[in-house]
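K.L.:
Input file: final23.csv. Contents: CSV, C-alpha atoms.
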```csv
chain,number,residue,atom,x,y,z
A,859,MET,CA,-3.5,21.9,0.6
A,860,ASN,CA,-0.4,22.6,2.7
A,861,THR,CA,2.7,21.2,0.9
A,862,ALA,CA,4.4,20.3,4.1
A,863,ARG,CA,1.4,18.3,5.3
A,864,PHE,CA,1.3,16.5,1.9
A,865,VAL,CA,5.0,15.6,2.1
A,866,VAL,CA,4.7,14.4,5.7
A,867,THR,CA,1.6,12.4,4.8
A,868,GLY,CA,3.4,10.9,1.8
A,869,LEU,CA,6.4,9.9,3.9
A,870,THR,CA,4.4,8.4,6.8
A,871,THR,CA,2.1,6.6,4.4
A,872,SER,CA,5.2,5.2,2.7
A,873,LEU,CA,6.5,3.9,6.0
A,874,LEU,CA,3.1,2.5,7.0
A,875,ASN,CA,2.5,0.8,3.7
A,876,LEU,CA,6.0,-0.8,3.8
A,877,VAL,CA,5.5,-2.0,7.4
A,878,LEU,CA,2.0,-3.4,6.7
A,879,HIS,CA,3.3,-5.3,3.6
A,880,ALA,CA,6.3,-6.6,5.5
A,881,ALA,CA,4.2,-7.7,8.5
A,882,VAL,CA,1.6,-9.5,6.2
A,883,TYR,CA,4.5,-11.2,4.4
A,884,VAL,CA,6.2,-12.4,7.6
A,885,VAL,CA,3.0,-13.4,9.5
A,886,PHE,CA,1.1,-15.0,6.6
A,887,LEU,CA,2.4,-14.9,3.0
A,888,LYS,CA,5.8,-16.4,3.6
A,889,ASP,CA,4.3,-19.7,4.8
A,890,PHE,CA,1.5,-19.5,2.2
A,891,PHE,CA,3.9,-19.0,-0.7
A,892,ALA,CA,6.0,-21.9,0.7
A,893,ALA,CA,2.9,-24.1,0.7
A,894,HIS,CA,1.8,-23.0,-2.8
A,895,PRO,CA,5.1,-22.7,-4.7
A,896,ALA,CA,5.3,-21.6,-8.3
A,897,GLY,CA,8.2,-23.9,-9.0
A,898,SER,CA,10.9,-26.1,-7.6
A,899,PRO,CA,12.9,-24.9,-4.5
A,900,GLU,CA,15.9,-24.5,-6.8
A,901,PHE,CA,13.9,-22.2,-9.2
A,902,LEU,CA,12.5,-20.2,-6.3
A,903,GLN,CA,16.0,-19.8,-4.8
A,904,GLN,CA,17.2,-18.4,-8.1
A,905,LEU,CA,14.2,-16.1,-8.4
A,906,ASN,CA,14.1,-14.6,-5.0
A,907,LYS,CA,16.9,-12.7,-3.2
A,908,GLY,CA,17.6,-13.6,0.4
A,909,MET,CA,17.1,-11.0,3.1
A,910,ASP,CA,20.8,-10.4,3.2
A,911,GLN,CA,20.8,-9.6,-0.6
A,912,LEU,CA,18.1,-6.9,-0.6
A,913,VAL,CA,19.0,-3.6,-2.1
A,914,PRO,CA,18.0,-1.1,0.6
A,915,TRP,CA,18.0,2.0,-1.6
A,916,SER,CA,15.7,0.3,-4.2
A,917,LEU,CA,13.4,-0.9,-1.4
A,918,ALA,CA,13.2,2.6,0.0
A,919,LEU,CA,12.4,4.1,-3.5
A,920,SER,CA,9.7,1.5,-4.0
A,921,ALA,CA,8.2,2.3,-0.6
A,922,LEU,CA,8.3,6.0,-1.3
A,923,ALA,CA,6.8,5.6,-4.8
A,924,LEU,CA,3.9,3.5,-3.4
A,925,GLY,CA,3.3,5.8,-0.4
A,926,PHE,CA,3.2,8.9,-2.5
A,927,PHE,CA,1.0,7.1,-5.1
A,928,VAL,CA,-1.5,6.3,-2.3
A,929,THR,CA,-1.3,9.9,-1.0
A,930,ILE,CA,-1.9,11.5,-4.4
A,931,VAL,CA,-4.8,9.1,-5.1
A,932,VAL,CA,-6.4,10.0,-1.8
A,933,ARG,CA,-5.9,13.7,-2.4
A,934,TRP,CA,-7.3,13.6,-5.9
A,935,SER,CA,-10.2,11.5,-4.8
A,936,GLY,CA,-11.3,14.0,-2.3
A,937,ALA,CA,-11.4,11.4,0.5
A,938,ALA,CA,-11.5,13.4,3.7
A,939,THR,CA,-12.2,10.7,6.3
A,940,PHE,CA,-10.7,7.4,7.4
A,941,GLY,CA,-13.7,5.6,5.9
A,942,SER,CA,-13.7,7.5,2.5
A,943,GLY,CA,-9.9,6.9,2.3
A,944,LEU,CA,-10.5,3.2,3.0
A,945,ARG,CA,-13.0,3.0,0.2
A,946,ALA,CA,-10.8,4.8,-2.2
A,947,GLY,CA,-7.9,2.6,-1.2
A,948,LEU,CA,-9.9,-0.6,-1.7
A,949,VAL,CA,-10.9,0.4,-5.2
A,950,VAL,CA,-7.5,1.7,-6.3
A,951,GLY,CA,-5.6,-1.0,-4.4
A,952,GLY,CA,-7.7,-3.8,-5.8
A,953,LEU,CA,-7.3,-2.6,-9.3
A,954,TYR,CA,-3.6,-1.8,-9.0
A,955,TRP,CA,-2.7,-5.1,-7.4
A,956,ALA,CA,-5.0,-7.1,-9.8
A,957,GLY,CA,-3.1,-5.4,-12.7
A,958,ILE,CA,0.3,-6.3,-11.2
A,959,ASN,CA,-0.5,-9.8,-10.0
A,960,PHE,CA,-2.5,-11.1,-12.9
A,961,GLY,CA,0.1,-9.6,-15.3
A,962,LEU,CA,2.9,-11.4,-13.5
A,963,TYR,CA,0.8,-14.6,-13.4
A,964,ALA,CA,0.1,-14.4,-17.1
A,965,SER,CA,3.7,-13.6,-18.2
A,966,SER,CA,6.0,-15.4,-15.7
A,967,ASN,CA,6.4,-18.4,-13.5
A,968,MET,CA,6.7,-16.4,-10.3
A,969,PHE,CA,3.2,-17.2,-8.9
A,970,SER,CA,0.7,-20.0,-8.7
A,971,LEU,CA,-2.9,-19.0,-9.1
A,972,ALA,CA,-3.6,-19.4,-5.4
A,973,SER,CA,-0.6,-17.2,-4.5
A,974,THR,CA,-1.7,-14.6,-7.1
A,975,LEU,CA,-5.2,-14.4,-5.5
A,976,VAL,CA,-4.0,-14.3,-1.9
A,977,ASP,CA,-1.3,-11.8,-2.6
A,978,LEU,CA,-3.8,-9.6,-4.4
A,979,VAL,CA,-6.2,-9.6,-1.4
A,980,CYS,CA,-3.4,-9.0,1.1
A,981,SER,CA,-1.7,-6.2,-0.9
A,982,ALA,CA,-5.0,-4.5,-1.7
A,983,LEU,CA,-5.9,-4.5,2.0
A,984,CYS,CA,-2.5,-3.1,3.0
A,985,MET,CA,-3.0,-0.3,0.4
A,986,ALA,CA,-6.5,0.4,1.6
A,987,ALA,CA,-5.3,0.8,5.2
A,988,SER,CA,-2.6,3.1,4.0
A,989,ALA,CA,-5.1,5.2,2.0
A,990,ALA,CA,-7.4,5.4,5.1
A,991,PHE,CA,-4.4,6.6,7.1
A,992,ALA,CA,-3.4,9.1,4.3
A,993,ALA,CA,-7.0,10.6,4.2
A,994,TRP,CA,-6.9,11.0,8.0
A,995,MET,CA,-3.5,12.6,7.9
A,996,LEU,CA,-4.3,15.0,5.1
A,997,HIS,CA,-7.5,16.2,6.8
A,998,ARG,CA,-7.0,15.6,10.5
A,999,MET,CA,-6.5,19.3,11.4
A,1000,ARG,CA,-9.1,20.8,9.1
A,1001,VAL,CA,-12.0,22.5,10.7
A,1002,HIS,CA,-15.2,22.7,8.7
A,1003,PRO,CA,-15.8,26.4,7.7
A,1004,ALA,CA,-19.2,26.5,9.5
A,1005,LYS,CA,-17.6,25.3,12.7
A,1006,LYS,CA,-14.7,27.7,12.2
A,1007,ALA,CA,-17.1,30.6,12.0
A,1008,GLN,CA,-18.6,29.5,15.3
A,1009,GLN,CA,-15.3,29.5,17.1
A,1010,PRO,CA,-14.5,32.5,19.3
A,1011,GLY,CA,-12.2,34.9,17.5
A,1012,ALA,CA,-13.0,33.6,14.1
```
Please lay out the structure from this file as structure tokens.

P.N.:
Amino acid sequence: MNTARFVVTGLTTSLLNLVLHAAVYVVFLKDFFAAHPAGSPEFLQQLNKGMDQLVPWSLALSALALGFFVTIVVRWSGAATFGSGLRAGLVVGGLYWAGINFGLYASSNMFSLASTLVDLVCSALCMAASAAFAAWMLHRMRVHPAKKAQQPGA
């Protein structure tokens, strides 16, 4: 595996995963969480930072960590196509986000059960799409050895 390809894939997967999660939040989850709050508006205002209070460097590190996590999982799984990356991403994403969301639901007042389940599905789907992209990126330029032998000059 080419190191440069791995790094580029990890970086682009990080960006894609962040964009997908942000889009799902803005389009769907923001309103869903408002309709299924875990507490009073005062509690939620204390709990969640406003957009103007986000810590950009921490958000970037989080995105990079998740993007490279997905890329490593795809690489280690051997997923070499968009479909196999999607399957690996669904399994790992479902388990990963189930662990996070149910752990937070069990130990905090941050989620209602409905928001736990919906966030789990949305986050797992975002991770699966990111994994499919990573598999495609990691293997998009590879030529099967049998086909390579058939190419002129090989």

K.L.:
For Arg933 in chain A, which of A:Gly947, A:Phe886, A:Tyr963, A:Val877 is the closest residue, counting only C-alpha atoms?

P.N.:
A:Gly947

K.L.:
Quote the spacing between CA of Leu944 in chain A and CA of Val932 in chain A in Å to one decimal place.

P.N.:
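CA of Val932 in chain A lies 9.3 Å from CA of Leu944 in chain A.
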
K.L.:
At what distance in Å, to one decimal, does CA of Phe940 in chain A lie from CA of Phe960 in chain A?

P.N.:
28.7 Å

K.L.:
Between CA of Leu978 in chain A and CA of Ala956 in chain A, what is the spacing in Å?

P.N.:
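Those two atoms sit 6.1 Å apart.
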
K.L.:
With the cut-off set at 12 Å and counting all atoms listed in the file, tabulate each residue of range 934-979 of chain A with an atom at most that distance from an atom of range 910-927 of chain A, showing the nearest atom pair and its distance in Å to one decimal, ordered by chain and increasing number, as CSV.

P.N.:
```
residue,atom,partner,partner_atom,distance
A:Trp934,CA,A:Phe927,CA,10.6
A:Gly947,CA,A:Phe927,CA,10.7
A:Val950,CA,A:Phe927,CA,10.1
A:Gly951,CA,A:Phe927,CA,10.5
A:Tyr954,CA,A:Phe927,CA,10.8
A:Trp955,CA,A:Leu924,CA,11.6
```

K.L.:
Which residues are near Lys888 in chain A? Cut-off 12 Å, only C-alpha atoms, ignore same chain within fewer than 6 positions. Put them as a ChimeraX atom specification.

P.N.:
/A:879-882,894-895,973,976-977

K.L.:
Would you please work out which residue, of A:Met985, A:Leu905, A:Ser970, A:Arg863, is nearest to Arg945 in chain A when using all atoms listed in the file?

P.N.:
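Nearest to Arg945 in chain A: A:Met985.
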
K.L.:
Excluding Leu996 in chain A and any residue of its chain fewer than 2 positions from it, enumerate the residues within 10 Å of it, using all atoms listed in the file, and give them as a PDB file with C-alpha atoms, in the coordinates of the input.

P.N.:
```
ATOM      1  CA  MET A 859      -3.500  21.900   0.600  1.00  0.00           C
ATOM      2  CA  ASN A 860      -0.400  22.600   2.700  1.00  0.00           C
ATOM      3  CA  ARG A 863       1.400  18.300   5.300  1.00  0.00           C
ATOM      4  CA  PHE A 864       1.300  16.500   1.900  1.00  0.00           C
ATOM      5  CA  VAL A 865       5.000  15.600   2.100  1.00  0.00           C
ATOM      6  CA  VAL A 866       4.700  14.400   5.700  1.00  0.00           C
ATOM      7  CA  THR A 867       1.600  12.400   4.800  1.00  0.00           C
ATOM      8  CA  GLY A 868       3.400  10.900   1.800  1.00  0.00           C
ATOM      9  CA  THR A 929      -1.300   9.900  -1.000  1.00  0.00           C
ATOM     10  CA  VAL A 932      -6.400  10.000  -1.800  1.00  0.00           C
ATOM     11  CA  ARG A 933      -5.900  13.700  -2.400  1.00  0.00           C
ATOM     12  CA  ALA A 937     -11.400  11.400   0.500  1.00  0.00           C
ATOM     13  CA  ALA A 938     -11.500  13.400   3.700  1.00  0.00           C
ATOM     14  CA  THR A 939     -12.200  10.700   6.300  1.00  0.00           C
ATOM     15  CA  PHE A 991      -4.400   6.600   7.100  1.00  0.00           C
ATOM     16  CA  ALA A 992      -3.400   9.100   4.300  1.00  0.00           C
ATOM     17  CA  ALA A 993      -7.000  10.600   4.200  1.00  0.00           C
ATOM     18  CA  TRP A 994      -6.900  11.000   8.000  1.00  0.00           C
ATOM     19  CA  ARG A 998      -7.000  15.600  10.500  1.00  0.00           C
ATOM     20  CA  MET A 999      -6.500  19.300  11.400  1.00  0.00           C
ATOM     21  CA  ARG A1000      -9.100  20.800   9.100  1.00  0.00           C
TER      22      ARG A1000
END
```

K.L.:
For range 948-984 of chain A in the structure I just supplied, write out N, CA and C atoms - as a PDB file, in the first residue's frame.

P.N.:
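This went into decode.pdb:
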```pdb
ATOM      1  N   LEU A 948     -20.767  -0.310   7.451  1.00  0.00           N
ATOM      2  CA  LEU A 948     -22.031  -0.525   8.162  1.00  0.00           C
ATOM      3  C   LEU A 948     -21.823  -1.331   9.441  1.00  0.00           C
ATOM      4  N   VAL A 949     -21.016  -2.375   9.344  1.00  0.00           N
ATOM      5  CA  VAL A 949     -20.765  -3.206  10.529  1.00  0.00           C
ATOM      6  C   VAL A 949     -19.988  -2.419  11.574  1.00  0.00           C
ATOM      7  N   VAL A 950     -18.855  -1.864  11.180  1.00  0.00           N
ATOM      8  CA  VAL A 950     -18.017  -1.137  12.145  1.00  0.00           C
ATOM      9  C   VAL A 950     -18.724   0.130  12.625  1.00  0.00           C
ATOM     10  N   GLY A 951     -19.346   0.858  11.705  1.00  0.00           N
ATOM     11  CA  GLY A 951     -20.056   2.073  12.093  1.00  0.00           C
ATOM     12  C   GLY A 951     -21.214   1.790  13.031  1.00  0.00           C
ATOM     13  N   GLY A 952     -21.978   0.738  12.733  1.00  0.00           N
ATOM     14  CA  GLY A 952     -23.089   0.372  13.614  1.00  0.00           C
ATOM     15  C   GLY A 952     -22.618   0.008  15.010  1.00  0.00           C
ATOM     16  N   LEU A 953     -21.577  -0.804  15.080  1.00  0.00           N
ATOM     17  CA  LEU A 953     -21.046  -1.195  16.395  1.00  0.00           C
ATOM     18  C   LEU A 953     -20.404  -0.019  17.125  1.00  0.00           C
ATOM     19  N   TYR A 954     -19.630   0.778  16.400  1.00  0.00           N
ATOM     20  CA  TYR A 954     -18.947   1.932  17.002  1.00  0.00           C
ATOM     21  C   TYR A 954     -19.967   2.915  17.585  1.00  0.00           C
ATOM     22  N   TRP A 955     -20.930   3.321  16.747  1.00  0.00           N
ATOM     23  CA  TRP A 955     -21.901   4.313  17.214  1.00  0.00           C
ATOM     24  C   TRP A 955     -22.877   3.744  18.232  1.00  0.00           C
ATOM     25  N   ALA A 956     -23.165   2.444  18.176  1.00  0.00           N
ATOM     26  CA  ALA A 956     -23.985   1.828  19.226  1.00  0.00           C
ATOM     27  C   ALA A 956     -23.250   1.911  20.564  1.00  0.00           C
ATOM     28  N   GLY A 957     -21.959   1.625  20.536  1.00  0.00           N
ATOM     29  CA  GLY A 957     -21.165   1.722  21.765  1.00  0.00           C
ATOM     30  C   GLY A 957     -21.150   3.132  22.331  1.00  0.00           C
ATOM     31  N   ILE A 958     -20.962   4.115  21.480  1.00  0.00           N
ATOM     32  CA  ILE A 958     -20.924   5.517  21.927  1.00  0.00           C
ATOM     33  C   ILE A 958     -22.309   5.965  22.405  1.00  0.00           C
ATOM     34  N   ASN A 959     -23.312   5.798  21.538  1.00  0.00           N
ATOM     35  CA  ASN A 959     -24.641   6.334  21.853  1.00  0.00           C
ATOM     36  C   ASN A 959     -25.298   5.651  23.043  1.00  0.00           C
ATOM     37  N   PHE A 960     -25.254   4.332  23.101  1.00  0.00           N
ATOM     38  CA  PHE A 960     -25.878   3.655  24.243  1.00  0.00           C
ATOM     39  C   PHE A 960     -25.095   3.895  25.528  1.00  0.00           C
ATOM     40  N   GLY A 961     -23.781   4.055  25.425  1.00  0.00           N
ATOM     41  CA  GLY A 961     -22.984   4.411  26.599  1.00  0.00           C
ATOM     42  C   GLY A 961     -23.364   5.781  27.131  1.00  0.00           C
ATOM     43  N   LEU A 962     -23.538   6.750  26.220  1.00  0.00           N
ATOM     44  CA  LEU A 962     -23.963   8.085  26.644  1.00  0.00           C
ATOM     45  C   LEU A 962     -25.391   8.078  27.182  1.00  0.00           C
ATOM     46  N   TYR A 963     -26.262   7.295  26.545  1.00  0.00           N
ATOM     47  CA  TYR A 963     -27.649   7.207  27.030  1.00  0.00           C
ATOM     48  C   TYR A 963     -27.680   6.600  28.432  1.00  0.00           C
ATOM     49  N   ALA A 964     -26.849   5.599  28.659  1.00  0.00           N
ATOM     50  CA  ALA A 964     -26.824   4.924  29.961  1.00  0.00           C
ATOM     51  C   ALA A 964     -26.244   5.795  31.065  1.00  0.00           C
ATOM     52  N   SER A 965     -25.293   6.648  30.719  1.00  0.00           N
ATOM     53  CA  SER A 965     -24.517   7.327  31.760  1.00  0.00           C
ATOM     54  C   SER A 965     -24.730   8.831  31.841  1.00  0.00           C
ATOM     55  N   SER A 966     -25.574   9.389  30.995  1.00  0.00           N
ATOM     56  CA  SER A 966     -25.747  10.843  31.023  1.00  0.00           C
ATOM     57  C   SER A 966     -27.195  11.218  30.708  1.00  0.00           C
ATOM     58  N   ASN A 967     -27.453  12.489  30.769  1.00  0.00           N
ATOM     59  CA  ASN A 967     -28.778  13.011  30.422  1.00  0.00           C
ATOM     60  C   ASN A 967     -28.731  13.757  29.090  1.00  0.00           C
ATOM     61  N   MET A 968     -27.825  13.349  28.219  1.00  0.00           N
ATOM     62  CA  MET A 968     -27.622  14.063  26.967  1.00  0.00           C
ATOM     63  C   MET A 968     -28.601  13.653  25.870  1.00  0.00           C
ATOM     64  N   PHE A 969     -29.168  12.441  25.936  1.00  0.00           N
ATOM     65  CA  PHE A 969     -30.007  11.914  24.866  1.00  0.00           C
ATOM     66  C   PHE A 969     -31.301  11.352  25.425  1.00  0.00           C
ATOM     67  N   SER A 970     -32.345  11.431  24.609  1.00  0.00           N
ATOM     68  CA  SER A 970     -33.542  10.637  24.858  1.00  0.00           C
ATOM     69  C   SER A 970     -33.316   9.316  24.133  1.00  0.00           C
ATOM     70  N   LEU A 971     -34.133   8.313  24.403  1.00  0.00           N
ATOM     71  CA  LEU A 971     -33.969   7.039  23.694  1.00  0.00           C
ATOM     72  C   LEU A 971     -34.197   7.224  22.196  1.00  0.00           C
ATOM     73  N   ALA A 972     -35.189   8.012  21.846  1.00  0.00           N
ATOM     74  CA  ALA A 972     -35.459   8.256  20.418  1.00  0.00           C
ATOM     75  C   ALA A 972     -34.261   8.913  19.738  1.00  0.00           C
ATOM     76  N   SER A 973     -33.677   9.929  20.368  1.00  0.00           N
ATOM     77  CA  SER A 973     -32.537  10.598  19.746  1.00  0.00           C
ATOM     78  C   SER A 973     -31.305   9.695  19.722  1.00  0.00           C
ATOM     79  N   THR A 974     -31.178   8.805  20.707  1.00  0.00           N
ATOM     80  CA  THR A 974     -30.082   7.835  20.713  1.00  0.00           C
ATOM     81  C   THR A 974     -30.172   6.930  19.490  1.00  0.00           C
ATOM     82  N   LEU A 975     -31.358   6.409  19.234  1.00  0.00           N
ATOM     83  CA  LEU A 975     -31.547   5.477  18.116  1.00  0.00           C
ATOM     84  C   LEU A 975     -31.390   6.169  16.761  1.00  0.00           C
ATOM     85  N   VAL A 976     -31.980   7.343  16.623  1.00  0.00           N
ATOM     86  CA  VAL A 976     -31.899   8.057  15.347  1.00  0.00           C
ATOM     87  C   VAL A 976     -30.470   8.510  15.077  1.00  0.00           C
ATOM     88  N   ASP A 977     -29.785   9.016  16.089  1.00  0.00           N
ATOM     89  CA  ASP A 977     -28.396   9.428  15.904  1.00  0.00           C
ATOM     90  C   ASP A 977     -27.524   8.224  15.547  1.00  0.00           C
ATOM     91  N   LEU A 978     -27.770   7.089  16.168  1.00  0.00           N
ATOM     92  CA  LEU A 978     -27.030   5.863  15.865  1.00  0.00           C
ATOM     93  C   LEU A 978     -27.168   5.509  14.386  1.00  0.00           C
ATOM     94  N   VAL A 979     -28.374   5.490  13.881  1.00  0.00           N
ATOM     95  CA  VAL A 979     -28.607   5.135  12.476  1.00  0.00           C
ATOM     96  C   VAL A 979     -27.945   6.154  11.550  1.00  0.00           C
ATOM     97  N   CYS A 980     -28.155   7.433  11.813  1.00  0.00           N
ATOM     98  CA  CYS A 980     -27.581   8.480  10.957  1.00  0.00           C
ATOM     99  C   CYS A 980     -26.053   8.439  10.976  1.00  0.00           C
ATOM    100  N   SER A 981     -25.473   8.313  12.141  1.00  0.00           N
ATOM    101  CA  SER A 981     -24.012   8.297  12.255  1.00  0.00           C
ATOM    102  C   SER A 981     -23.414   7.054  11.615  1.00  0.00           C
ATOM    103  N   ALA A 982     -24.057   5.912  11.796  1.00  0.00           N
ATOM    104  CA  ALA A 982     -23.564   4.670  11.182  1.00  0.00           C
ATOM    105  C   ALA A 982     -23.637   4.757   9.662  1.00  0.00           C
ATOM    106  N   LEU A 983     -24.691   5.347   9.131  1.00  0.00           N
ATOM    107  CA  LEU A 983     -24.806   5.504   7.681  1.00  0.00           C
ATOM    108  C   LEU A 983     -23.745   6.456   7.132  1.00  0.00           C
ATOM    109  N   CYS A 984     -23.461   7.532   7.860  1.00  0.00           N
ATOM    110  CA  CYS A 984     -22.390   8.450   7.446  1.00  0.00           C
ATOM    111  C   CYS A 984     -21.041   7.733   7.439  1.00  0.00           C
TER     112      CYS A 984
END
```
